[in-house]
$ cat query-v6.txt   # compact mmCIF, C-alpha atoms and all ligand atoms
# COMPACT_ATOMS: atom_id res chain seq x y z
CA MET A 13 -14.10 -0.17 10.63
CA LEU A 14 -12.55 2.88 8.99
CA ILE A 15 -12.99 6.25 10.66
CA LEU A 16 -12.18 9.48 8.86
CA ASP A 17 -13.17 13.09 9.17
CA GLY A 18 -14.96 15.28 6.67
CA ASN A 19 -11.79 17.17 5.72
CA THR A 20 -10.03 13.95 4.75
CA GLU A 21 -13.04 12.84 2.74
CA ARG A 22 -13.13 16.18 0.97
CA SER A 23 -9.46 16.07 -0.01
CA MET A 24 -9.88 12.58 -1.52
CA LYS A 25 -13.06 13.69 -3.30
CA GLU A 26 -11.30 16.68 -4.83
CA GLN A 27 -8.40 14.51 -5.98
CA ALA A 28 -10.69 11.82 -7.45
CA GLU A 29 -12.92 14.32 -9.25
CA GLY A 30 -9.96 16.42 -10.42
CA GLY A 31 -8.22 13.33 -11.79
CA TYR A 32 -11.28 12.02 -13.64
CA PRO A 33 -11.36 10.17 -16.07
CA ARG A 34 -8.01 8.85 -14.81
CA GLU A 35 -7.66 6.65 -11.73
CA VAL A 36 -6.03 8.39 -8.82
CA CYS A 37 -4.53 6.80 -5.72
CA GLY A 38 -3.07 7.64 -2.35
CA LEU A 39 -2.35 6.54 1.19
CA LEU A 40 -4.23 6.97 4.44
CA LEU A 41 -2.14 7.79 7.49
CA GLY A 42 -3.45 7.27 10.98
CA ARG A 43 -3.51 4.74 13.79
CA PHE A 44 -4.71 1.20 14.30
CA GLU A 45 -6.96 0.87 17.33
CA ASP A 46 -9.01 -1.75 19.15
CA ARG A 47 -6.68 -4.68 18.34
CA ARG A 48 -6.32 -3.41 14.76
CA GLN A 49 -10.03 -3.74 14.07
CA VAL A 50 -10.42 0.03 13.80
CA ARG A 51 -8.37 2.19 11.48
CA GLN A 52 -8.52 5.81 12.54
CA VAL A 53 -7.45 8.04 9.63
CA SER A 54 -5.82 11.41 10.26
CA GLU A 55 -4.71 12.35 6.75
CA ALA A 56 -5.07 11.33 3.09
CA HIS A 57 -2.00 11.82 0.88
CA ALA A 58 -2.14 11.69 -2.92
CA ALA A 59 0.43 9.47 -4.64
CA GLY A 60 1.39 9.29 -8.29
CA ASN A 61 -0.10 6.75 -10.67
CA LEU A 62 2.81 5.37 -12.71
CA ASN A 63 0.51 3.58 -15.14
CA GLN A 64 0.25 6.10 -17.94
CA ASP A 65 -0.86 3.66 -20.65
CA ARG A 66 -4.03 2.57 -18.89
CA SER A 67 -4.56 5.30 -16.33
CA GLY A 68 -8.31 5.07 -16.97
CA ASP A 69 -8.60 1.67 -15.37
CA ARG A 70 -5.29 0.83 -13.70
CA TYR A 71 -3.06 2.25 -11.05
CA ASP A 72 0.49 1.53 -10.01
CA MET A 73 1.32 3.65 -7.02
CA ASP A 74 4.67 5.42 -7.31
CA PRO A 75 6.82 3.65 -4.65
CA THR A 76 8.86 6.81 -4.05
CA ASP A 77 5.62 8.50 -2.96
CA TYR A 78 4.89 5.56 -0.64
CA LEU A 79 8.32 5.92 0.95
CA ARG A 80 8.02 9.71 1.31
CA ILE A 81 4.51 9.57 2.81
CA GLU A 82 5.35 6.69 5.16
CA ASN A 83 8.47 8.47 6.42
CA ALA A 84 6.57 11.73 6.94
CA GLY A 85 3.96 9.83 8.95
CA ARG A 86 6.51 7.97 11.06
CA ALA A 87 8.06 11.28 12.11
CA ARG A 88 4.66 12.27 13.53
CA GLY A 89 3.66 8.94 15.07
CA LEU A 90 1.32 7.97 12.22
CA GLU A 91 1.44 4.88 10.07
CA VAL A 92 -0.12 3.74 6.82
CA VAL A 93 -3.54 2.31 7.71
CA GLY A 94 -5.02 2.16 4.24
CA VAL A 95 -4.83 2.87 0.56
CA TYR A 96 -7.42 4.52 -1.66
CA HIS A 97 -8.05 4.69 -5.38
CA SER A 98 -10.78 5.90 -7.67
CA HIS A 99 -12.96 3.94 -10.08
CA PRO A 100 -13.93 6.29 -12.91
CA ASP A 101 -17.42 5.30 -14.11
CA HIS A 102 -17.38 2.04 -12.17
CA PRO A 103 -18.81 0.91 -8.82
CA SER A 104 -16.81 1.23 -5.60
CA ARG A 105 -16.25 -2.52 -5.51
CA PRO A 106 -12.81 -4.15 -5.82
CA SER A 107 -12.00 -5.80 -9.13
CA GLU A 108 -10.31 -9.16 -9.53
CA THR A 109 -7.12 -7.25 -10.36
CA ASP A 110 -7.48 -5.27 -7.14
CA ARG A 111 -7.86 -8.55 -5.26
CA GLN A 112 -4.93 -10.28 -6.93
CA ARG A 113 -2.58 -7.35 -6.41
CA ALA A 114 -3.62 -7.05 -2.78
CA GLU A 115 -3.20 -10.78 -2.18
CA GLU A 116 0.37 -10.68 -3.55
CA ILE A 117 1.24 -8.27 -0.77
CA TRP A 118 -0.84 -9.67 2.09
CA GLN A 119 -1.09 -13.41 1.38
CA ALA A 120 -3.30 -14.81 4.17
CA ALA A 121 -2.80 -11.88 6.55
CA GLU A 122 -5.53 -9.36 7.22
CA SER A 123 -4.92 -6.22 5.18
CA TRP A 124 -5.23 -2.56 5.92
CA SER A 125 -8.26 -0.72 4.45
CA TYR A 126 -8.75 -0.47 0.71
CA LEU A 127 -11.00 2.51 0.12
CA ILE A 128 -12.55 2.87 -3.33
CA LEU A 129 -14.10 6.08 -4.64
CA GLU A 130 -16.60 5.73 -7.46
CA VAL A 131 -16.55 8.77 -9.75
CA ALA A 132 -19.35 8.99 -12.32
CA SER A 133 -19.20 11.70 -15.00
CA GLY A 134 -16.65 13.58 -12.90
CA ARG A 135 -18.55 13.50 -9.58
CA LEU A 136 -17.93 11.33 -6.52
CA VAL A 137 -21.04 9.16 -6.12
CA SER A 138 -19.95 6.47 -3.66
CA LEU A 139 -17.16 5.56 -1.32
CA ARG A 140 -16.75 2.12 0.19
CA SER A 141 -13.97 0.38 2.06
CA TRP A 142 -12.78 -3.20 1.93
CA VAL A 143 -10.46 -5.44 3.91
CA LEU A 144 -8.72 -8.47 2.44
CA ARG A 145 -9.03 -11.53 4.68
CA GLU A 146 -7.94 -15.02 3.66
CA GLY A 147 -7.69 -13.81 0.08
CA ALA A 148 -11.19 -12.31 -0.19
CA PHE A 149 -12.34 -8.70 0.10
CA ARG A 150 -15.05 -7.97 2.64
CA GLU A 151 -16.74 -4.61 2.98
CA GLU A 152 -16.16 -2.70 6.21
CA GLU A 153 -18.08 0.13 7.81
CA VAL A 154 -16.88 3.66 7.01
CA ARG A 155 -17.65 6.29 9.62
CA ILE A 156 -17.22 9.89 8.50
CA LEU A 157 -16.98 12.40 11.33
CA PRO A 158 -18.32 15.92 10.82
CA ILE A 159 -15.81 18.61 9.90
CA SER A 160 -14.52 20.26 13.06
CA HIS A 161 -14.01 24.03 13.15
CA MET B 18 28.24 -3.32 8.67
CA SER B 19 24.82 -2.84 10.18
CA VAL B 20 21.78 -1.31 8.51
CA LYS B 21 18.27 -0.53 9.61
CA VAL B 22 15.59 -2.42 7.65
CA ARG B 23 12.16 -0.80 7.56
CA ILE B 24 9.37 -3.39 7.52
CA PRO B 25 6.05 -2.43 5.86
CA THR B 26 2.74 -3.24 7.53
CA PRO B 27 2.03 -6.42 5.47
CA LEU B 28 5.27 -8.05 6.63
CA ARG B 29 5.28 -6.98 10.28
CA PRO B 30 3.66 -10.24 11.48
CA LEU B 31 6.87 -11.98 10.31
CA ALA B 32 8.96 -9.48 12.29
CA GLY B 33 7.12 -10.00 15.56
CA GLY B 34 5.19 -6.78 14.95
CA ARG B 35 8.32 -4.63 14.67
CA ASP B 36 8.44 -1.85 12.08
CA GLN B 37 12.22 -1.90 11.83
CA VAL B 38 14.99 -4.42 12.41
CA GLN B 39 18.74 -3.84 12.69
CA VAL B 40 20.62 -6.32 10.46
CA ALA B 41 24.25 -6.92 9.49
CA GLY B 42 25.60 -7.51 5.97
CA ALA B 43 27.94 -6.09 3.35
CA THR B 44 25.49 -6.07 0.43
CA VAL B 45 21.73 -5.76 0.08
CA ARG B 46 21.60 -9.50 -0.63
CA ALA B 47 23.56 -10.34 2.52
CA VAL B 48 21.30 -8.06 4.55
CA LEU B 49 18.24 -9.94 3.24
CA GLU B 50 19.86 -13.28 4.14
CA ASN B 51 20.48 -12.09 7.68
CA LEU B 52 17.00 -10.57 7.84
CA GLU B 53 15.63 -14.07 7.19
CA LYS B 54 17.42 -15.32 10.35
CA GLU B 55 15.84 -12.50 12.31
CA CYS B 56 12.39 -12.85 10.68
CA PRO B 57 11.92 -16.43 9.42
CA GLY B 58 9.79 -16.61 6.28
CA ILE B 59 10.36 -13.04 5.13
CA ARG B 60 12.88 -13.82 2.40
CA SER B 61 10.45 -15.84 0.29
CA ARG B 62 8.02 -12.93 0.44
CA LEU B 63 10.69 -10.64 -1.00
CA CYS B 64 12.60 -12.87 -3.41
CA ASP B 65 11.68 -15.58 -5.92
CA GLU B 66 13.23 -19.07 -6.25
CA ARG B 67 16.18 -17.62 -8.19
CA GLY B 68 16.86 -15.21 -5.35
CA GLU B 69 15.77 -12.11 -7.28
CA LEU B 70 13.34 -9.47 -6.09
CA ARG B 71 9.67 -10.21 -6.69
CA ARG B 72 7.88 -7.79 -9.00
CA PHE B 73 5.56 -6.52 -6.28
CA VAL B 74 8.40 -5.67 -3.92
CA ASN B 75 10.48 -2.50 -4.08
CA LEU B 76 13.62 -1.98 -2.03
CA PHE B 77 15.05 1.44 -1.35
CA LEU B 78 18.53 1.94 0.02
CA ASN B 79 18.11 5.32 1.69
CA ASP B 80 16.31 7.20 -1.14
CA GLU B 81 17.52 5.07 -4.05
CA ASP B 82 15.59 2.24 -5.68
CA VAL B 83 17.86 -0.82 -5.39
CA ARG B 84 16.86 -1.85 -8.94
CA HIS B 85 18.31 1.44 -10.17
CA LEU B 86 21.49 0.80 -8.18
CA GLY B 87 22.06 -2.40 -10.12
CA GLY B 88 20.32 -4.86 -7.84
CA LEU B 89 20.86 -6.92 -4.75
CA ASP B 90 24.66 -7.07 -4.92
CA PHE B 91 24.98 -3.35 -4.27
CA PRO B 92 27.16 -2.69 -1.20
CA VAL B 93 25.67 -1.09 1.90
CA GLN B 94 27.30 1.34 4.30
CA GLU B 95 27.13 1.45 8.08
CA GLY B 96 24.00 3.33 9.10
CA ASP B 97 22.14 2.92 5.80
CA VAL B 98 18.37 2.48 5.87
CA LEU B 99 16.90 -0.26 3.67
CA SER B 100 13.16 0.25 3.17
CA ILE B 101 10.86 -2.49 1.91
CA VAL B 102 8.06 -0.86 -0.07
CA PRO B 103 5.09 -2.90 -1.31
CA ALA B 104 4.07 -2.28 -4.93
CA ILE B 105 0.50 -1.11 -4.48
CA ALA B 106 -1.54 -1.56 -7.63
CA GLY B 107 -4.95 -2.39 -8.99
CA GLY B 108 -7.41 -1.71 -11.71
CA ALA B 109 -9.23 -4.04 -14.01
CA GLN B 110 -9.87 -5.81 -17.19
CA ARG B 111 -13.30 -4.73 -18.34
CA CYS B 112 -15.74 -7.63 -18.16
CA ALA B 113 -17.42 -9.08 -21.20
CA ALA B 114 -20.55 -9.93 -19.23
CA GLY B 115 -21.96 -10.11 -15.76
CA PRO B 116 -21.87 -7.55 -12.98
CA PRO B 117 -19.27 -4.78 -13.09
CA CYS B 118 -16.01 -6.32 -12.02
CA ARG B 119 -13.46 -3.57 -11.64
ZN ZN A 201 -9.84 -0.87 -8.42
$ encode --input "query-v6.txt" --output "structure tokens" --more "lines below"
Ligand SMILES: [Zn+2]
Amino acid sequence: MLILDGNTERSMKEQAEGGYPREVCGLLLGRFEDRRQVRQVSEAHAAGNLNQDRSGDRYDMDPTDYLRIENAGRARGLEVVGVYHSHPDHPSRPSETDRQRAEEIWQAAESWSYLILEVASGRLVSLRSWVLREGAFREEEVRILPISH
Amino acid sequence: MSVKVRIPTPLRPLAGGRDQVQVAGATVRAVLENLEKECPGIRSRLCDERGELRRFVNLFLNDEDVRHLGGLDFPVQEGDVLSIVPAIAGGAQRCAAGPPCR
């Protein structure tokens, strides 16, 4: 299960809609809980998409952004618990490319959360999260907490 | 020479759950060889059969991409931090038929 608050959802939504029709990506910082079955997100951080040629349907996260975001999280006791990217005009379901690229990194291990934001005609229309297990993506529950004031 | 190696989440099971490991070595390559003794199985996740970095692995020595420093034979200094950074990527070929696949 992935738990995030309304502010985090809103910042990803703004990034995904603002980046449309290009794919955007970023990292989720937070904590693993309940024997790693729950990923509690504190913050979403945008990262650069290095794939300029096919930015409409590909993303290659800038590794210098990964390093910077991971280090900033470590300093505050947070770790990377997931990654997100947008699907402009496509469903919030992982592609075969998404699966292959995730499997290269994780092999048989259970992955962190892969959150996908579907943006249709410039508006966020769905958001779903997936976990790679034994080489296959399975959908996980996403719980969005109300914005606290 | 001893450097701190930062282990990313996907590889922590090979490091006994640790997020960093202190390893000796005079070059990045030597550090990776010694890292393998500390974390058996990790080297093949980082390097191919020819001993070169896999395409989906990035290594940063402090803030510098090791590929930009000339590769694995670059010397390390006492106290350096070597960060393993997974190449996170995705996207899709558009499908000719069938359900949407990206
Ligand atoms: Zn995708």
$ residues_near_ligand --input "query-v6.txt" --ligand "ligand ZN 201 (chain A)" --cutoff "10 Å" --atoms "all atoms listed in the file" --output "ChimeraX atom specification"
/A:35,37,69-71,96-100,102-111,113,126-130 /B:106-109,118-119
$ write_last_selection --input "query-v6.txt" --atoms "C-alpha atoms" --output "compact mmCIF listing (two decimals), keeping the file's coordinate frame"
# COMPACT_ATOMS: atom_id res chain seq x y z
CA GLU A 35 -7.66 6.65 -11.73
CA CYS A 37 -4.53 6.80 -5.72
CA ASP A 69 -8.60 1.67 -15.37
CA ARG A 70 -5.29 0.83 -13.70
CA TYR A 71 -3.06 2.25 -11.05
CA TYR A 96 -7.42 4.52 -1.66
CA HIS A 97 -8.05 4.69 -5.38
CA SER A 98 -10.78 5.90 -7.67
CA HIS A 99 -12.96 3.94 -10.08
CA PRO A 100 -13.93 6.29 -12.91
CA HIS A 102 -17.38 2.04 -12.17
CA PRO A 103 -18.81 0.91 -8.82
CA SER A 104 -16.81 1.23 -5.60
CA ARG A 105 -16.25 -2.52 -5.51
CA PRO A 106 -12.81 -4.15 -5.82
CA SER A 107 -12.00 -5.80 -9.13
CA GLU A 108 -10.31 -9.16 -9.53
CA THR A 109 -7.12 -7.25 -10.36
CA ASP A 110 -7.48 -5.27 -7.14
CA ARG A 111 -7.86 -8.55 -5.26
CA ARG A 113 -2.58 -7.35 -6.41
CA TYR A 126 -8.75 -0.47 0.71
CA LEU A 127 -11.00 2.51 0.12
CA ILE A 128 -12.55 2.87 -3.33
CA LEU A 129 -14.10 6.08 -4.64
CA GLU A 130 -16.60 5.73 -7.46
CA ALA B 106 -1.54 -1.56 -7.63
CA GLY B 107 -4.95 -2.39 -8.99
CA GLY B 108 -7.41 -1.71 -11.71
CA ALA B 109 -9.23 -4.04 -14.01
CA CYS B 118 -16.01 -6.32 -12.02
CA ARG B 119 -13.46 -3.57 -11.64
$ atom_distance --input "query-v6.txt" --atom1 "atom CA of A:Val131" --atom2 "atom CA of A:Asp101"
5.6 Å
$ atom_distance --input "query-v6.txt" --atom1 "atom CA of A:Gly89" --atom2 "atom CA of A:Gly42"
8.4 Å
$ closest_residue --input "query-v6.txt" --among "B:Ser19, B:Thr26, B:Gln94, B:Asn51" --to "chain A" --atoms "all atoms listed in the file"
B:Thr26
$ residues_around --input "query-v6.txt" --residues "A:Arg80" --least-positions-apart "6" --cutoff "12 Å" --atoms "only C-alpha atoms" --output "CSV table (one decimal) with C-alpha atoms, in the frame of the given file"
chain,number,residue,atom,x,y,z
A,38,GLY,CA,-3.1,7.6,-2.4
A,39,LEU,CA,-2.4,6.5,1.2
A,57,HIS,CA,-2.0,11.8,0.9
A,58,ALA,CA,-2.1,11.7,-2.9
A,59,ALA,CA,0.4,9.5,-4.6
A,60,GLY,CA,1.4,9.3,-8.3
A,74,ASP,CA,4.7,5.4,-7.3
A,86,ARG,CA,6.5,8.0,11.1
A,87,ALA,CA,8.1,11.3,12.1
A,91,GLU,CA,1.4,4.9,10.1
A,92,VAL,CA,-0.1,3.7,6.8
B,77,PHE,CA,15.0,1.4,-1.4
B,79,ASN,CA,18.1,5.3,1.7
B,80,ASP,CA,16.3,7.2,-1.1
B,81,GLU,CA,17.5,5.1,-4.0
B,100,SER,CA,13.2,0.2,3.2
B,102,VAL,CA,8.1,-0.9,-0.1
